[in-house]
There are 2 protein chains.
Amino acid sequence: MRIAILGVGLIGGSIGLAARQRADASVCGYDPDAGVRAKALELGVIDSDAADIASAVADAEVVFVAAPVGALRETVRAALEAAGPECVVSDVGSTKRVVLDASADERFIGGHPLAGAETAGVDHARADLFDGATWYLTPAQGSTAGVLYERLHRLLTTIGARPTAIDAEAHDRLLACVSHLPHVLANLLVAQASGALADDQPLRLPAVGPSFRDATRVAGSNSAVWTDIYRSNAPALLAAMDDLDARLEQVREWLTADDAEAIAAWNERARSDHEALLGAGLLGGPVRELRASVPNRPGVIAEIALALGKAGVNIQDMALAPSEDNRQGVIALWIRGEEGSDRAQELIAGLGFPVARA
Amino acid sequence: MRIAILGVGLIGGSIGLAARQRADASVCGYDPDAGVRAKALELGVIDSDAADIASAVADAEVVFVAAPVGALRETVRAALEAAGPECVVSDVGSTKRVVLDASADERFIGGHPLAGAETAGVDHARADLFDGATWYLTPAQGSTAGVLYERLHRLLTTIGARPTAIDAEAHDRLLACVSHLPHVLANLLVAQASGALADDQPLRLPAVGPSFRDATRVAGSNSAVWTDIYRSNAPALLAAMDDLDARLEQVREWLTADDAEAIAAWNERARSDHEALLGAGLLGGPVRELRASVPNRPGVIAEIALALGKAGVNIQDMALAPSEDNRQGVIALWIRGEEGSDRAQELIAGLGFPVARA
């Protein structure tokens, strides 16, 4: 199979590697940066390179446009112009509205793999980047049964991904909720906290709860990438913000009325929603959270992780909240299942660290 | 020194242990639950127990009210009624507005240690719980120089905490920003995502970005505790929500106008705010983030943590984002300083895991 990749970064490069190694494909790469093309050749990410889109696409059966969101639309357009009538053209952009026009062309099927970071370059390309990852495909109505869809679907499965068809609009709404809005809120929370600290006598930020640290971890993510993402998904993001506004207004009413029952019921719904979402998102049953108090010194994480590893207990997720002087802290561990979490609790207690089910 | 503790849970119990061990204090404990009192005696958390507030407080020089927020006001009032004229009464509630009335009494000084979880019981009491922890004190104007403030301050220092005087209102505003609002948003984000998933064909939640998982980690926190916290800090929380609204409106305008420059500038400010907040909150210089791709199997965290621990590189914070099939994932590590993070990067690369500065 002949594949063209337009934009050879982490995602494009990983597609190249995986397609070469697993689908026995011949991969031609184009990138506006000649240095990147040379690097991709050197790393074996592509078989050949092309200095322009038309040459790269000429003989291709599948084209992946892996350009930054800002350059996506024009690159897709150029690819469709250059591609033959039997060629399928897809992209990997994180919002699908921006390439909706292209769907008028039956050869185009939008795509979005949930894998990788947008910032890392071809140096970090890996053949296994998409193993088990959801890869959204947004085919236009009616084209899902076509030979082109099947070819793309089979190729993605071969390189390890899980292609999942979704309406383009639903995709953008979903991503607005689970990614773009959390990024917006992270930015707003740090701005607000900075303002609150500036308002008073210059307060030193205390050892704030993990809630703030977690919620603001992605504040100010790579501006070049995120400015484009926000802009490209503006309609869905604005709708999500409107929805948030309405929900905030509701909470405001309960607080103003001091309605304890409504607040408690709302919080309980959040708990069950959260559990349902986690259960749906992470395969294989519920995850339990343990919290252990540990001294914050080199080696203590290793000690715990090693004990659990030896016992075959896998740590699903982990968060460390150091105390202000870094002498101690609380480590939260998410372990799958009753049995695993009970075993983990036992092991951690056995190491002498106070530990409790959160 | 004679100390009374009203409410012997994790916080009250830890004060008792620390005061007995480090300040050579004699501690009398009251708790409405006789079983808790018996347990506290058994664990050596208190020297003696009392079946009512008046008996517990009778001879005390320092009284700590460590009751749940919902019972805080009445317990403080009862303590002040029973306490002698030279006794200082304090509390450990997470909002200070609720005990503002009590400040009319010169013997009362509000307090809030940033340590521990509200849910765990006396079983988890530890003498070192407050080591290095900020302990906010909200004395009424004019009383800060008094003998009672000095006694309380010295006791808190002796048990390891760092007492910091702050205006009660500023305290509540700060906590609304860095704790209560993030909890509200976590609840709203899960409700929104649940709604979005229910709207469409029943979608399985994909392996969402760490932004959503982090931002919603505290969704639906213990309703008994949090309903009271939200209600007790309603004015500051409502103000923080109004402020958030105004900031959301600003972002909405930029998105609607597709103002790339303003969006990028806003995102850059968030980045520098975030760095400034982290720098202020964690002592000793900037923390660098590394991201490594790792197979998600037992022992892999141990392997990395052990290598870093052996080299004396301390992991400041850590977050694991498993892929959907749990076969691989990205681990983010926060390491203090250039030298430490360079060394960590080297060590992780040496273990064969792709790793990059985030």
# chains A, B, ... in the order shown; residues from 1 in each chain; ligands from 1
>>> residues_around(residues="Ile11 (chain A)", least_positions_apart="5", cutoff="12 Å", atoms="only C-alpha atoms", output="PyMOL selection string")
chain A and resi 5-6+16-18+45+64-68+91-94+112-130
>>> select_by_dssp(residues="region 14-257 of chain B", states="alpha helix (DSSP H)", output="PyMOL selection string")
chain B and resi 14-22+34-42+53-57+69-82+147-158+168-175+181-199+210-215+223-232+234-256
>>> write_last_selection(atoms="C-alpha atoms", output="compact mmCIF listing (two decimals), in the first residue's frame")
# COMPACT_ATOMS: atom_id res chain seq x y z
CA SER B 14 -3.48 14.76 65.50
CA ILE B 15 -3.42 17.98 67.53
CA GLY B 16 -3.80 15.83 70.66
CA LEU B 17 -0.99 13.46 69.74
CA ALA B 18 1.36 16.26 68.71
CA ALA B 19 0.61 18.36 71.78
CA ARG B 20 1.16 15.42 74.11
CA GLN B 21 4.39 14.28 72.44
CA ARG B 22 5.95 17.61 71.55
CA ALA B 34 -18.56 7.97 73.03
CA GLY B 35 -16.97 5.30 70.84
CA VAL B 36 -14.64 7.88 69.33
CA ARG B 37 -13.66 9.10 72.80
CA ALA B 38 -12.85 5.54 73.88
CA LYS B 39 -10.82 4.98 70.72
CA ALA B 40 -8.93 8.24 71.27
CA LEU B 41 -8.03 7.20 74.81
CA GLU B 42 -6.95 3.80 73.60
CA ILE B 53 -18.07 20.40 76.46
CA ALA B 54 -18.14 22.26 79.79
CA SER B 55 -16.19 19.54 81.62
CA ALA B 56 -13.65 19.26 78.83
CA VAL B 57 -13.02 22.99 78.73
CA VAL B 69 -18.27 22.86 59.74
CA GLY B 70 -22.00 22.33 60.29
CA ALA B 71 -21.59 22.09 64.07
CA LEU B 72 -18.76 24.59 64.31
CA ARG B 73 -20.57 27.75 65.34
CA GLU B 74 -22.55 26.23 68.20
CA THR B 75 -19.54 24.29 69.49
CA VAL B 76 -17.39 27.44 69.51
CA ARG B 77 -20.16 29.28 71.34
CA ALA B 78 -20.44 26.52 73.95
CA ALA B 79 -16.67 26.47 74.37
CA LEU B 80 -16.51 30.24 74.93
CA GLU B 81 -19.31 30.01 77.47
CA ALA B 82 -17.50 27.31 79.42
CA VAL B 147 -0.88 36.97 75.37
CA LEU B 148 -3.52 34.53 74.07
CA TYR B 149 -2.39 34.88 70.47
CA GLU B 150 1.21 34.37 71.56
CA ARG B 151 0.32 31.21 73.49
CA LEU B 152 -1.58 29.74 70.55
CA HIS B 153 1.14 30.70 68.08
CA ARG B 154 3.86 29.13 70.22
CA LEU B 155 1.88 25.91 70.67
CA LEU B 156 1.29 25.59 66.93
CA THR B 157 4.96 26.17 66.20
CA THR B 158 5.87 23.54 68.79
CA ALA B 168 -10.75 36.19 57.85
CA GLU B 169 -12.35 37.54 54.69
CA ALA B 170 -9.13 37.27 52.67
CA HIS B 171 -8.82 33.70 53.89
CA ASP B 172 -12.27 32.78 52.69
CA ARG B 173 -11.74 34.48 49.32
CA LEU B 174 -8.45 32.67 48.86
CA LEU B 175 -9.94 29.30 49.72
CA LEU B 181 -14.47 26.79 43.07
CA PRO B 182 -12.30 24.01 41.60
CA HIS B 183 -14.58 21.55 43.41
CA VAL B 184 -17.69 23.23 41.97
CA LEU B 185 -16.19 23.14 38.46
CA ALA B 186 -15.25 19.48 38.83
CA ASN B 187 -18.89 18.72 39.62
CA LEU B 188 -20.11 20.81 36.68
CA LEU B 189 -17.67 19.27 34.20
CA VAL B 190 -18.74 15.71 34.98
CA ALA B 191 -22.41 16.71 34.78
CA GLN B 192 -21.76 18.34 31.43
CA ALA B 193 -19.82 15.41 30.02
CA SER B 194 -22.48 12.99 31.22
CA GLY B 195 -25.07 15.14 29.48
CA ALA B 196 -23.07 15.29 26.26
CA LEU B 197 -22.66 11.54 26.25
CA ALA B 198 -26.35 10.97 26.91
CA ASP B 199 -27.38 13.40 24.16
CA PRO B 210 -5.46 14.32 31.34
CA SER B 211 -7.05 17.77 31.49
CA PHE B 212 -10.49 16.31 32.08
CA ARG B 213 -9.34 13.56 34.38
CA ASP B 214 -7.33 15.99 36.49
CA ALA B 215 -10.00 18.68 36.57
CA SER B 223 -21.18 15.19 50.34
CA ALA B 224 -21.51 15.48 54.12
CA VAL B 225 -18.32 17.51 54.32
CA TRP B 226 -18.61 19.52 51.13
CA THR B 227 -22.24 20.55 51.40
CA ASP B 228 -21.28 22.32 54.62
CA ILE B 229 -18.13 23.84 53.14
CA TYR B 230 -20.00 25.24 50.13
CA ARG B 231 -22.73 26.67 52.34
CA SER B 232 -20.39 28.10 54.94
CA ALA B 234 -21.23 30.85 50.06
CA PRO B 235 -20.52 34.62 49.88
CA ALA B 236 -16.87 34.22 48.84
CA LEU B 237 -17.74 31.34 46.55
CA LEU B 238 -20.48 33.34 44.86
CA ALA B 239 -18.04 36.21 44.37
CA ALA B 240 -15.51 33.83 42.84
CA MET B 241 -18.22 32.50 40.53
CA ASP B 242 -19.14 36.04 39.47
CA ASP B 243 -15.50 36.71 38.75
CA LEU B 244 -15.27 33.51 36.72
CA ASP B 245 -18.37 34.55 34.79
CA ALA B 246 -16.78 37.84 33.82
CA ARG B 247 -13.63 36.04 32.70
CA LEU B 248 -15.65 33.51 30.71
CA GLU B 249 -17.49 36.36 29.02
CA GLN B 250 -14.16 37.88 27.99
CA VAL B 251 -13.00 34.61 26.43
CA ARG B 252 -16.37 34.30 24.72
CA GLU B 253 -15.86 37.67 23.07
CA TRP B 254 -12.42 36.72 21.78
CA LEU B 255 -13.69 33.42 20.42
CA THR B 256 -16.68 35.06 18.77
